[in-house]
Structures are given as C-alpha cells and as structure tokens.
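Peer 1: Provided below: target02.tsv, containing TSV, C-alpha atoms and all ligand atoms.
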chain	number	residue	atom	x	y	z
A	27	MET	CA	73.22	94.30	79.48
A	28	GLY	CA	71.33	91.96	81.74
A	29	SER	CA	74.10	89.40	81.54
A	30	GLU	CA	74.64	86.68	84.11
A	31	SER	CA	77.77	88.54	85.28
A	32	GLU	CA	75.79	91.71	85.87
A	33	ARG	CA	73.07	89.87	87.73
A	34	LEU	CA	75.61	88.22	90.05
A	35	MET	CA	77.57	91.41	90.67
A	36	LYS	CA	74.36	93.27	91.55
A	37	LEU	CA	73.34	90.48	93.89
A	38	ALA	CA	76.64	90.65	95.75
A	39	GLU	CA	76.44	94.43	95.91
A	40	LYS	CA	72.94	94.27	97.29
A	41	TRP	CA	73.77	91.87	100.09
A	42	CYS	CA	77.41	92.46	100.86
A	43	ALA	CA	78.73	95.09	103.24
A	44	ARG	CA	80.44	97.74	101.14
A	45	ASN	CA	83.91	97.20	102.56
A	46	TYR	CA	85.31	96.54	99.08
A	47	GLU	CA	84.79	98.06	95.68
A	48	PRO	CA	85.61	95.17	93.31
A	49	LEU	CA	86.44	95.78	89.67
A	50	PRO	CA	83.40	94.95	87.54
A	51	VAL	CA	84.25	91.38	86.63
A	52	CYS	CA	82.64	88.22	87.98
A	53	ILE	CA	84.87	85.17	88.04
A	54	SER	CA	83.27	81.76	87.78
A	55	LYS	CA	86.21	79.56	86.83
A	56	GLY	CA	89.98	79.58	87.13
A	57	GLU	CA	92.85	77.48	85.88
A	58	GLY	CA	96.53	78.30	86.16
A	59	VAL	CA	97.07	81.99	85.42
A	60	TYR	CA	93.67	82.38	83.75
A	61	VAL	CA	90.14	83.00	84.99
A	62	TRP	CA	86.81	83.14	83.15
A	63	ASP	CA	83.51	84.90	83.73
A	64	PRO	CA	80.10	83.23	83.25
A	65	GLU	CA	79.94	84.58	79.67
A	66	GLY	CA	83.15	82.70	78.91
A	67	ARG	CA	85.41	85.77	78.66
A	68	LYS	CA	88.98	84.87	79.57
A	69	TYR	CA	91.27	87.02	81.72
A	70	MET	CA	94.83	86.76	82.84
A	71	ASP	CA	95.05	86.97	86.63
A	72	MET	CA	97.92	89.32	87.45
A	73	LEU	CA	96.78	90.00	91.02
A	74	SER	CA	96.68	86.39	92.27
A	75	ALA	CA	94.44	87.29	95.19
A	76	TYR	CA	97.10	89.64	96.57
A	77	SER	CA	99.71	86.84	96.27
A	78	ALA	CA	97.56	84.18	97.91
A	79	MET	CA	97.16	82.48	94.51
A	80	SER	CA	100.88	82.09	93.85
A	81	HIS	CA	100.51	78.46	92.72
A	82	GLY	CA	97.94	79.37	90.07
A	83	HIS	CA	94.25	78.55	90.14
A	84	ARG	CA	93.34	74.99	91.09
A	85	HIS	CA	96.85	73.65	91.25
A	86	PRO	CA	96.33	69.89	90.73
A	87	LYS	CA	98.55	68.75	93.63
A	88	ILE	CA	96.87	71.14	96.05
A	89	ILE	CA	93.37	70.22	94.87
A	90	ASN	CA	94.35	66.56	95.23
A	91	ALA	CA	95.53	67.15	98.77
A	92	ILE	CA	92.31	68.86	99.80
A	93	VAL	CA	90.18	66.15	98.20
A	94	GLU	CA	92.20	63.38	99.83
A	95	GLN	CA	92.12	65.09	103.22
A	96	THR	CA	88.38	65.81	103.12
A	97	GLY	CA	87.93	62.06	102.59
A	98	ARG	CA	89.58	61.37	105.95
A	99	VAL	CA	89.25	64.11	108.57
A	100	THR	CA	88.97	67.91	108.35
A	101	LEU	CA	88.87	69.38	111.84
A	102	THR	CA	89.79	68.09	115.25
A	103	SER	CA	90.58	71.30	117.16
A	104	ARG	CA	93.80	71.40	119.13
A	105	ALA	CA	92.09	69.68	122.03
A	106	PHE	CA	93.41	66.52	120.36
A	107	HIS	CA	96.34	65.69	118.14
A	108	ASN	CA	95.80	65.04	114.46
A	109	ASP	CA	98.04	63.13	112.06
A	110	THR	CA	98.68	66.04	109.68
A	111	LEU	CA	99.78	68.90	111.95
A	112	GLY	CA	103.19	67.45	112.90
A	113	PRO	CA	104.26	66.75	109.31
A	114	PHE	CA	103.07	70.24	108.28
A	115	LEU	CA	105.01	72.07	110.98
A	116	GLU	CA	108.12	69.91	110.51
A	117	LYS	CA	108.14	70.89	106.84
A	118	LEU	CA	107.44	74.54	107.61
A	119	CYS	CA	110.29	74.72	110.13
A	120	ALA	CA	112.67	73.03	107.67
A	121	LEU	CA	111.65	75.53	105.00
A	122	THR	CA	111.99	78.60	107.20
A	123	GLY	CA	114.93	77.46	109.31
A	124	PHE	CA	113.13	78.18	112.59
A	125	GLU	CA	112.77	75.80	115.52
A	126	LYS	CA	109.06	76.32	116.11
A	127	ALA	CA	105.90	77.32	114.34
A	128	LEU	CA	102.49	78.36	115.59
A	129	PRO	CA	99.64	77.73	113.13
A	130	MET	CA	96.80	80.20	112.69
A	131	ASN	CA	94.38	80.90	109.85
A	132	THR	CA	94.49	84.39	108.38
A	133	GLY	CA	97.39	86.75	107.99
A	134	ALA	CA	95.97	89.24	110.46
A	135	GLU	CA	95.84	86.50	113.09
A	136	ALA	CA	99.47	85.63	112.46
A	137	VAL	CA	100.35	89.31	112.99
A	138	GLU	CA	98.32	89.36	116.23
A	139	THR	CA	100.17	86.25	117.34
A	140	ALA	CA	103.55	87.82	116.57
A	141	LEU	CA	102.61	90.98	118.50
A	142	LYS	CA	101.55	88.88	121.47
A	143	ALA	CA	104.82	86.94	121.29
A	144	MET	CA	106.91	90.13	121.22
A	145	ARG	CA	105.03	91.70	124.13
A	146	LYS	CA	105.20	88.55	126.24
A	147	TRP	CA	108.90	88.13	125.44
A	148	ALA	CA	109.56	91.72	126.50
A	149	HIS	CA	107.75	91.29	129.81
A	150	GLU	CA	108.99	87.81	130.69
A	151	VAL	CA	112.44	87.61	129.11
A	152	LYS	CA	113.73	91.12	128.51
A	153	GLY	CA	112.34	92.41	131.81
A	154	VAL	CA	110.16	95.29	130.62
A	155	PRO	CA	107.66	96.06	133.44
A	156	ASP	CA	104.34	94.32	132.72
A	157	GLY	CA	102.04	96.30	130.45
A	158	ARG	CA	104.77	98.63	129.21
A	159	ALA	CA	106.08	96.80	126.11
A	160	ARG	CA	106.18	98.87	122.93
A	161	ILE	CA	106.26	97.85	119.27
A	162	ILE	CA	107.86	99.83	116.46
A	163	ALA	CA	106.14	99.68	113.07
A	164	ALA	CA	106.81	101.50	109.80
A	165	ALA	CA	104.74	104.24	108.21
A	166	ASN	CA	102.76	103.10	105.15
A	167	ASN	CA	102.57	99.52	106.48
A	168	PHE	CA	99.88	96.95	105.96
A	169	HIS	CA	99.52	94.19	108.55
A	170	GLY	CA	95.83	93.33	108.26
A	171	ARG	CA	92.51	94.59	109.56
A	172	THR	CA	92.26	93.65	113.22
A	173	ILE	CA	92.27	96.38	115.85
A	174	ALA	CA	95.94	95.67	116.61
A	175	ALA	CA	96.88	95.77	112.93
A	176	ILE	CA	95.01	99.00	112.22
A	177	SER	CA	96.46	100.55	115.37
A	178	MET	CA	99.81	100.36	113.58
A	179	SER	CA	98.43	101.73	110.31
A	180	THR	CA	99.19	105.25	109.14
A	181	SER	CA	96.25	105.33	106.71
A	182	ALA	CA	93.35	107.52	107.84
A	183	THR	CA	90.75	105.42	105.96
A	184	THR	CA	92.00	102.29	107.67
A	185	LYS	CA	91.76	103.69	111.21
A	186	ARG	CA	89.10	106.40	111.23
A	187	SER	CA	86.33	105.89	113.81
A	188	PHE	CA	87.60	102.50	114.93
A	189	GLY	CA	89.16	103.76	118.15
A	190	PRO	CA	90.10	103.51	120.91
A	191	LEU	CA	93.08	101.94	119.23
A	192	LEU	CA	95.94	99.99	120.76
A	193	ASP	CA	98.52	101.68	122.91
A	194	GLY	CA	102.25	101.04	122.82
A	195	ILE	CA	102.97	101.61	119.15
A	196	ASP	CA	105.69	103.82	117.71
A	197	ILE	CA	105.79	104.63	114.01
A	198	VAL	CA	109.00	105.32	112.08
A	199	PRO	CA	109.49	106.16	108.40
A	200	PHE	CA	110.02	102.99	106.31
A	201	GLY	CA	113.57	102.58	105.04
A	202	ASP	CA	115.23	104.93	107.54
A	203	ALA	CA	117.50	102.91	109.86
A	204	ASP	CA	118.60	105.96	111.87
A	205	ALA	CA	114.99	106.83	112.66
A	206	LEU	CA	114.45	103.23	113.71
A	207	GLU	CA	117.37	103.32	116.11
A	208	SER	CA	116.23	106.66	117.57
A	209	ALA	CA	112.76	105.27	118.28
A	210	ILE	CA	114.02	102.41	120.43
A	211	THR	CA	113.68	102.75	124.20
A	212	GLU	CA	114.16	100.40	127.17
A	213	GLU	CA	110.53	99.41	126.71
A	214	THR	CA	110.76	98.43	123.04
A	215	ALA	CA	109.86	94.77	122.59
A	216	GLY	CA	110.19	94.44	118.86
A	217	VAL	CA	110.22	95.96	115.42
A	218	LEU	CA	107.62	94.79	112.92
A	219	LEU	CA	108.38	95.41	109.25
A	220	GLU	CA	107.36	94.19	105.82
A	221	PRO	CA	110.63	93.52	103.96
A	222	ILE	CA	108.93	95.09	100.93
A	223	GLN	CA	105.69	96.99	101.50
A	224	GLY	CA	103.16	95.26	99.25
A	225	GLU	CA	99.87	97.03	99.89
A	226	GLY	CA	101.81	100.25	100.37
A	227	GLY	CA	102.61	100.18	96.65
A	228	VAL	CA	105.51	97.72	96.33
A	229	VAL	CA	107.92	99.94	98.26
A	230	VAL	CA	111.43	98.45	98.23
A	231	PRO	CA	113.63	99.78	101.05
A	232	PRO	CA	117.29	100.82	100.60
A	233	ASP	CA	119.56	97.77	100.14
A	234	ASP	CA	121.17	98.09	103.57
A	235	TYR	CA	117.97	98.82	105.53
A	236	LEU	CA	117.22	95.35	106.82
A	237	SER	CA	120.82	94.50	107.64
A	238	ARG	CA	121.07	97.75	109.57
A	239	ALA	CA	117.76	97.03	111.29
A	240	ARG	CA	119.09	93.58	112.19
A	241	ASP	CA	122.22	95.08	113.67
A	242	ILE	CA	120.28	97.71	115.63
A	243	CYS	CA	117.90	95.11	117.05
A	244	ASP	CA	120.84	92.92	118.12
A	245	ARG	CA	122.64	95.79	119.83
A	246	ARG	CA	119.52	97.07	121.58
A	247	ASN	CA	118.05	93.68	122.60
A	248	VAL	CA	114.92	94.13	120.51
A	249	LEU	CA	113.19	91.46	118.39
A	250	LEU	CA	113.03	91.85	114.62
A	251	CYS	CA	109.79	90.49	113.21
A	252	LEU	CA	109.27	90.45	109.45
A	253	ASP	CA	105.79	90.21	108.02
A	254	GLU	CA	106.35	87.91	105.02
A	255	ILE	CA	102.66	87.23	104.49
A	256	GLN	CA	102.78	88.77	101.02
A	257	THR	CA	106.51	88.65	100.21
A	258	GLY	CA	107.15	85.11	101.46
A	259	LEU	CA	107.07	81.75	99.70
A	260	GLY	CA	108.77	82.82	96.51
A	261	ARG	CA	106.90	85.98	95.63
A	262	THR	CA	110.02	88.15	95.47
A	263	GLY	CA	112.25	85.59	93.74
A	264	LYS	CA	113.65	84.09	96.94
A	265	MET	CA	111.79	81.70	99.21
A	266	PHE	CA	111.68	84.53	101.77
A	267	CYS	CA	112.29	88.17	101.02
A	268	PHE	CA	114.76	88.50	103.93
A	269	GLU	CA	117.16	86.25	101.98
A	270	HIS	CA	117.76	89.15	99.56
A	271	TYR	CA	119.29	91.06	102.44
A	272	GLY	CA	121.49	88.36	103.98
A	273	ILE	CA	119.83	88.47	107.38
A	274	ARG	CA	117.59	86.32	109.54
A	275	PRO	CA	114.76	87.87	111.53
A	276	ASP	CA	113.73	86.59	114.98
A	277	ILE	CA	110.13	86.06	113.93
A	278	ILE	CA	108.29	85.79	110.63
A	279	THR	CA	104.61	85.79	109.82
A	280	LEU	CA	103.37	83.77	106.84
A	281	GLY	CA	99.95	83.46	105.26
A	282	LYS	CA	98.44	83.99	101.83
A	283	ALA	CA	100.28	81.53	99.53
A	284	LEU	CA	100.76	79.09	102.42
A	285	GLY	CA	97.13	78.16	101.78
A	286	GLY	CA	97.81	77.27	98.15
A	287	GLY	CA	94.97	79.46	96.96
A	288	VAL	CA	92.30	77.21	98.43
A	289	PHE	CA	92.18	77.68	102.16
A	290	PRO	CA	93.33	80.27	104.71
A	291	VAL	CA	96.48	79.03	106.43
A	292	SER	CA	98.88	81.25	108.36
A	293	ALA	CA	101.71	80.74	110.81
A	294	VAL	CA	104.24	82.47	112.98
A	295	CYS	CA	107.75	81.00	112.96
A	296	ALA	CA	110.47	81.72	115.49
A	297	ASN	CA	113.10	80.03	117.58
A	298	GLN	CA	112.42	78.60	120.99
A	299	ASN	CA	113.91	81.65	122.78
A	300	VAL	CA	110.82	83.56	121.63
A	301	MET	CA	108.24	80.84	121.08
A	302	SER	CA	108.66	79.46	124.60
A	303	VAL	CA	106.64	82.41	125.91
A	304	PHE	CA	103.56	80.56	124.70
A	305	THR	CA	102.52	78.00	127.26
A	306	HIS	CA	99.30	76.06	127.72
A	307	GLY	CA	96.30	78.36	127.63
A	308	THR	CA	98.10	81.53	126.58
A	309	HIS	CA	97.03	81.54	122.92
A	310	GLY	CA	94.95	79.52	120.51
A	311	SER	CA	92.57	79.17	117.60
A	312	THR	CA	89.79	76.66	116.98
A	313	PHE	CA	90.70	76.19	113.33
A	314	GLY	CA	94.43	76.92	113.64
A	315	GLY	CA	96.44	73.89	112.59
A	316	ASN	CA	93.42	71.93	111.36
A	317	PRO	CA	94.14	68.84	109.25
A	318	LEU	CA	92.69	70.32	106.06
A	319	ALA	CA	94.84	73.44	106.37
A	320	ALA	CA	97.89	71.32	107.20
A	321	ALA	CA	97.35	69.05	104.19
A	322	VAL	CA	96.92	72.04	101.89
A	323	ALA	CA	100.01	73.80	103.24
A	324	ILE	CA	102.13	70.66	102.83
A	325	ALA	CA	101.03	70.39	99.20
A	326	ALA	CA	101.60	74.11	98.68
A	327	MET	CA	105.18	73.93	100.02
A	328	ASP	CA	105.92	70.75	98.03
A	329	ALA	CA	104.60	72.27	94.81
A	330	LEU	CA	106.74	75.39	95.29
A	331	ARG	CA	109.87	73.26	95.58
A	332	ASP	CA	109.05	70.49	93.05
A	333	GLU	CA	108.05	72.92	90.34
A	334	ARG	CA	110.84	75.40	91.06
A	335	MET	CA	108.39	78.25	91.41
A	336	VAL	CA	110.80	80.42	93.38
A	337	GLU	CA	113.40	80.26	90.60
A	338	ASN	CA	110.67	80.96	88.06
A	339	SER	CA	109.54	83.97	90.09
A	340	ALA	CA	113.09	85.37	90.03
A	341	ARG	CA	113.56	84.75	86.30
A	342	MET	CA	110.13	85.85	85.12
A	343	GLY	CA	110.16	88.85	87.46
A	344	GLU	CA	113.45	90.04	86.06
A	345	TYR	CA	112.24	89.52	82.49
A	346	PHE	CA	108.92	91.26	83.14
A	347	MET	CA	110.45	94.29	84.84
A	348	ALA	CA	113.21	94.64	82.24
A	349	LYS	CA	110.60	94.61	79.45
A	350	LEU	CA	108.34	97.06	81.27
A	351	ARG	CA	111.27	99.48	81.65
A	352	GLU	CA	112.49	98.98	78.09
A	353	LEU	CA	109.06	99.79	76.70
A	354	LYS	CA	109.15	103.30	78.21
A	355	LEU	CA	105.36	103.31	78.41
A	356	PRO	CA	103.73	106.74	78.29
A	357	GLY	CA	102.48	107.83	81.73
A	358	VAL	CA	104.75	105.40	83.57
A	359	GLU	CA	107.25	107.03	85.91
A	360	LEU	CA	109.07	103.95	87.15
A	361	VAL	CA	108.87	100.21	87.60
A	362	ARG	CA	110.02	98.67	90.89
A	363	GLY	CA	109.87	95.42	92.78
A	364	LYS	CA	111.56	92.08	93.23
A	365	GLY	CA	110.67	88.78	91.60
A	366	LEU	CA	107.01	88.73	90.62
A	367	LEU	CA	106.01	91.50	93.02
A	368	VAL	CA	106.02	94.43	90.65
A	369	GLY	CA	104.81	97.98	91.13
A	370	VAL	CA	104.27	100.30	88.20
A	371	VAL	CA	104.32	103.90	89.39
A	372	LEU	CA	102.34	106.26	87.17
A	373	GLU	CA	102.95	109.95	86.63
A	374	LYS	CA	99.30	110.69	87.43
A	375	PRO	CA	96.83	109.15	89.92
A	376	GLU	CA	95.08	107.13	87.24
A	377	ALA	CA	95.87	103.61	88.45
A	378	HIS	CA	92.19	102.80	88.92
A	379	GLU	CA	91.27	103.93	85.39
A	380	LYS	CA	94.18	101.95	83.97
A	381	SER	CA	93.07	98.86	85.90
A	382	LEU	CA	89.63	99.19	84.31
A	383	GLU	CA	91.20	99.47	80.85
A	384	LEU	CA	93.42	96.45	81.54
A	385	LEU	CA	90.35	94.53	82.64
A	386	ALA	CA	88.51	95.42	79.42
A	387	ALA	CA	91.55	94.19	77.51
A	388	GLY	CA	91.59	90.88	79.41
A	389	LEU	CA	94.09	91.39	82.21
A	390	LEU	CA	93.28	91.58	85.92
A	391	ALA	CA	95.43	93.87	88.05
A	392	LYS	CA	94.59	96.42	90.70
A	393	ASP	CA	95.72	99.78	91.95
A	394	ALA	CA	97.70	99.45	95.18
A	395	ARG	CA	97.75	103.24	95.49
A	396	PRO	CA	96.02	105.90	93.34
A	397	ASP	CA	99.20	106.16	91.25
A	398	ILE	CA	100.53	102.61	91.53
A	399	ILE	CA	99.43	99.41	89.81
A	400	ARG	CA	100.64	96.14	91.29
A	401	PHE	CA	101.36	93.18	89.04
A	402	ALA	CA	101.72	89.94	91.00
A	403	PRO	CA	100.87	87.01	88.71
A	404	PRO	CA	100.96	83.37	89.84
A	405	LEU	CA	104.56	82.17	90.18
A	406	ILE	CA	103.93	79.48	87.55
A	407	ILE	CA	103.61	82.07	84.79
A	408	THR	CA	105.62	81.28	81.63
A	409	GLN	CA	107.60	83.67	79.45
A	410	ASP	CA	104.99	83.34	76.69
A	411	GLN	CA	102.32	84.35	79.17
A	412	ILE	CA	104.39	87.32	80.34
A	413	ASP	CA	104.68	88.35	76.68
A	414	GLU	CA	100.91	88.00	76.37
A	415	ALA	CA	100.47	90.26	79.41
A	416	LEU	CA	102.95	92.77	78.02
A	417	GLU	CA	101.02	92.94	74.76
A	418	ILE	CA	97.88	93.87	76.67
A	419	ILE	CA	99.74	96.38	78.84
A	420	VAL	CA	101.27	98.05	75.76
A	421	LYS	CA	97.86	98.25	74.09
A	422	VAL	CA	96.40	99.99	77.14
A	423	PHE	CA	99.26	102.41	77.73
A	424	LYS	CA	100.12	103.38	74.15
A	501	LIG	C1	97.51	90.45	103.31
A	501	LIG	C2	98.45	90.84	104.38
A	501	LIG	C3	98.11	90.71	105.73
A	501	LIG	C4	96.76	90.28	106.20
A	501	LIG	O1	96.39	89.00	105.79
A	501	LIG	P1	94.85	88.55	105.87
A	501	LIG	O2	94.88	87.09	105.51
A	501	LIG	O3	94.09	89.37	104.86
A	501	LIG	O4	94.39	88.80	107.25
A	501	LIG	C5	99.07	91.04	106.67
A	501	LIG	N1	100.29	91.48	106.30
A	501	LIG	C6	100.65	91.62	105.01
A	501	LIG	C7	102.03	92.10	104.67
A	501	LIG	C8	99.73	91.33	104.00
A	501	LIG	O5	100.07	91.52	102.72
Rewrite the structure of this file - the entire thing - as structure tokens.
Ligand SMILES: *Cc1c(COP(=O)(O)O)cnc(C)c1O

Peer 2:
Amino acid sequence: MGSESERLMKLAEKWCARNYEPLPVCISKGEGVYVWDPEGRKYMDMLSAYSAMSHGHRHPKIINAIVEQTGRVTLTSRAFHNDTLGPFLEKLCALTGFEKALPMNTGAEAVETALKAMRKWAHEVKGVPDGRARIIAAANNFHGRTIAAISMSTSATTKRSFGPLLDGIDIVPFGDADALESAITEETAGVLLEPIQGEGGVVVPPDDYLSRARDICDRRNVLLCLDEIQTGLGRTGKMFCFEHYGIRPDIITLGKALGGGVFPVSAVCANQNVMSVFTHGTHGSTFGGNPLAAAVAIAAMDALRDERMVENSARMGEYFMAKLRELKLPGVELVRGKGLLVGVVLEKPEAHEKSLELLAAGLLAKDARPDIIRFAPPLIITQDQIDEALEIIVKVFK
C-alpha cells in the first residue's frame, strides 16, 4: 500500500492514453533475464518485450555500442551519408542473404515499406494496372498498428471505428495453401505472412505450408513476403524462421530484436529485382538508418553470432517445451512453438489470471490470447534459469 511502485503505476495510468492494460508491476531495473521493481522485488522476464529484448536486458556489448556512438554522432538524416549505415546494411544483407536492405524504425513501418514495395513491383514490373494491386494476408495476423497493418487485421478490437480502411486486401485462413492459391488473381502483388503467428497465440502452420506457399507464388508470379519481426533473429531456434521450412521468401521484414532491446530499428530486406522499385524520393524516414540505430543493430547482430544465441534458443526451447509437456500441468491443453517462442494453450480462457499469478510468483509472461500464454524469454537464458522458471510455473499451475 502506498508503495513507490503503486505511485508510479497510478501516475502512468493518470497521464497515459489507455491503449494498454499493463500487468501491475513497475520495472525500474533490468539485467540479463531479470528485472526489478523499485521495492527491489526480482522477476524473471519471460516476455522480453514481445521478443525485442532477445539479447537480455542491458547487454554489455550493445550498451557499449550505444555509449560509443552517442559520443560521436547520433543523427544525420539520409540527406547526408553517415559512417555507420553502410557497415550496418552490409552486415544485415550478409546475415539475411539478400542483396539490399531498407532501414526504418519500428516494425509497423517495415511492414508499410514492404507493402509499398509489393504494390510498386506489381504496377511497374508485373504489369498490374496502376492502383489495382492486391495483397493477400492471413486471418489472425499481426503486422502492427498503422492503418495499413490494421486493414489486414481480422480482429474487431484492432479495426473497429478506425475506417475507412485500406482497399486491396484479401484474407485467407492461415496454414491453408489451397485457400491461398484460390485467392490469387492477376492483380495479386504479394502474399504477406508471419511464418509463425506470434501475437495470434504462437500458431505454427503445417510443416509444408510455407514451401507450398513458395511454390504457389513462383508459379503465379506473386511475391512472398514474410514478416519476421517477431520470429526473426534467432527467436525460433534458427536465425530466421523461414529456414525451418527450407525456403527463401522474396522479402522479409525485421524489427524488434534488431534494436538489441535499446532502440527501435527495423528493416526490409529483398533482392534488387524488388528493391529497385524504390528510387529517389519514393520512400523515406527521418530517423531510418540513423547512426545510433545502425551502431546498435551491428552490436545486436554481432552478439547473436558471437554468443551463439540462435543455437541456445534452439536447445533451450526444446528443453523448455519438452519439460512443459512432460509435467502434464493441470489446465494446460497443449504446448506449441519453435525455439524460445512458446505458446501454452489452456483448457479455459484464464491466461490473464494465470499471468497475474505468475507475476506474483516472480515470473513475467503475458496472455497472447484469452486462453494462451506466451513464453518468450531472452535467448541468453540458461538451463538453470529455465529450471527456475519451470519451478514457478509448476507452483502456479499445480
Ligand atoms: C511486433 C510486430 C509488428 C509491429 O512492430 P512494432 O515495432 O510494434 O511496430 C509487426 N509484425 C509482427 C509479426 C510483430 O510481432
């Protein structure tokens, strides 16, 4: 009662628009997989800012990079060159295997950029009459909060009263390749999919879905764009989730962990056949590709590789999911996911209540759906720390 945490939470509630309903915990310090509140209570962070905190809180190499860069130059705009952008994009293209990258800031902006690329490609390369290009998206998707992104959403809460929404969008059920093929017309520019739906409740598609989607897009001259903002950079136990399926998309969007948990950094990657649609003046962002973001992203990519975080994600994810299944926790229907993107599906819609109980027991996780809890800890988590998390989870569920 009357604690510093309560005072600060009330203050935020008083002044902040009510577009979120945070769990009642106030974080004032973080290190690695742990965070603390002002009263000194310690919590394990098993949400990792929706996978944006994959490197763990205040990763020393990333903090170093931001400190070093702020001592030199932070923002130039793209009106001029800066000495950090080239090295950043060279590294990003090497990592993703694409010829070109376009830097933005938030995930939603990367999605907007990818949509613009697909539409422009359709009109200028494929030959769709101008203004007629269509995009296919999957039901239950999450691609951000801009008007374009919510125009693709199938969630009523996400879209209600925000219209008029964007035209030229076709929705197909996620995981159904036949439905995808049927939805394609002469005017289809591209297909936008999350390889695993994160916000949708860690929905893993059938094993052959993406390879079939790839094949369909090739046959029908349609671009395949994968939104890897949440699944990318090691989250699912591979550097990119598409690697699980033995395919390469035409376009990917990245964000979240690209910013190393300190700074919003996003990008769209594609080959020149697509990226060449962007010419001088056709797209931009004041902060996109700024030196601070570039320095942070370089450090974030280096840390992933140097500390073998992707391998750790695969190993710890497998261990964590195997244990969760073995435990046969009461009220748990099934456990699904890949790497350290784990969804626990409950028999009843009590994911919010369970999240509150986990919080009280010292573990931060959040309901992705009323009946689904997502566990997505930092990729640096150790087996001992997974065991510690499991102990808390068992206590709450048994
Ligand atoms: C989080 C997310 C976004 C939006 O990213 P923001 O940085 O919040 O704009 C888009 N797509 C996917 C798959 C995401 O998980």

Peer 1: Hey, what's within 9 Å of A:Glu207 if we count all atoms listed in the file and toss same-chain stuff fewer than 2 positions away? As a ChimeraX atom specification, please?

Peer 2: /A:202-205,209-211,239,242-243,246

Peer 1: Could you list, as a compact mmCIF listing (two decimals) with C-alpha atoms, in the frame of the given file, all residues that come within 7 Å of ligand LIG 501 (chain A)? Count all atoms listed in the file.

Peer 2:
# COMPACT_ATOMS: atom_id res chain seq x y z
CA TYR A 76 97.10 89.64 96.57
CA THR A 132 94.49 84.39 108.38
CA GLY A 133 97.39 86.75 107.99
CA ALA A 134 95.97 89.24 110.46
CA GLU A 135 95.84 86.50 113.09
CA VAL A 137 100.35 89.31 112.99
CA PHE A 168 99.88 96.95 105.96
CA HIS A 169 99.52 94.19 108.55
CA GLY A 170 95.83 93.33 108.26
CA ARG A 171 92.51 94.59 109.56
CA GLU A 220 107.36 94.19 105.82
CA GLN A 223 105.69 96.99 101.50
CA GLY A 224 103.16 95.26 99.25
CA GLU A 225 99.87 97.03 99.89
CA ASP A 253 105.79 90.21 108.02
CA GLU A 254 106.35 87.91 105.02
CA ILE A 255 102.66 87.23 104.49
CA GLN A 256 102.78 88.77 101.02
CA GLY A 281 99.95 83.46 105.26
CA LYS A 282 98.44 83.99 101.83

Peer 1: If you take all atoms listed in the file and a cut-off of 6 Å, which residues of stretch 196-312 of chain A touch stretch 328-352 of chain A, and what are their nearest atom pairs and distances in Å to one decimal, in chain and number order, as a Markdown table?

Peer 2:
| residue | atom | partner | partner_atom | distance |
| --- | --- | --- | --- | --- |
| A:Gly260 | CA | A:Val336 | CA | 4.4 |
| A:Gly263 | CA | A:Ala340 | CA | 3.8 |
| A:Lys264 | CA | A:Val336 | CA | 5.9 |

Peer 1: Rank A:Tyr69, A:Phe268, A:Tyr235, A:Phe124 by their smallest atom-to-atom distance to A:Asn299, using all atoms listed in the file, and report the top residue only.

Peer 2: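 Closest to A:Asn299 of all the choices is A:Phe124.
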
Peer 1: Write out as number ranges by chain the residues lying within 6 Å of A:Ser80, counting only C-alpha atoms and excluding same-chain residues fewer than 4 positions away.

Peer 2: A: 283, 404-405

Peer 1: Store the residues picked out above, limited to C-alpha atoms, as a JSON list (two decimals), in the frame of the given file.

Peer 2:
[["chain", "number", "residue", "atom", "x", "y", "z"],
["A", 283, "ALA", "CA", 100.28, 81.53, 99.53],
["A", 404, "PRO", "CA", 100.96, 83.37, 89.84],
["A", 405, "LEU", "CA", 104.56, 82.17, 90.18]]

Peer 1: Please compute the atom CA of A:Leu236-atom CA of A:Tyr271 distance, one decimal, in Å.

Peer 2: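 Between atom CA of A:Leu236 and atom CA of A:Tyr271 the gap works out to 6.5 Å.
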
Peer 1: For A:Glu125, which of A:Ile278, A:Ile407, A:Ala215, A:Ala377 is the closest residue, counting all atoms listed in the file?

Peer 2: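 Going through A:Ile278, A:Ile407, A:Ala215, A:Ala377 one by one, the smallest distance to A:Glu125 is for A:Ile278.
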
Peer 1: Name the residues in contact with stretch 384-397 of chain A at a cut-off of 7 Å, using only C-alpha atoms, excluding same-chain residues fewer than 3 positions from it; report them as a PyMOL selection string.

Peer 2: chain A and resi 68-73+225-227+371-372+374-378+380-381+400-401+418-419+422

Peer 1: List as a count of residues only the protein and nucleic acid residues near A:Ser179, meaning an atom at most 9 Å away when all atoms listed in the file are counted, but skip any in the same chain fewer than 6 places from it.

Peer 2: 9

Peer 1: Quick one: everything within 10 Å of stretch 138-144 of chain A, counting all atoms listed in the file, minus sequence neighbours fewer than 5 positions away in the same chain. Send it as a PyMOL selection string.

Peer 2: chain A and resi 128-130+133+149-151+159-161+169-170+172-175+214-218+248-253+276-279+293-296+300-304+308-310

Peer 1: By how many Å are atom CA of A:Pro221 and atom CA of A:Asp233 apart?

Peer 2: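 Distance reported for this atom pair: 10.6 Å.
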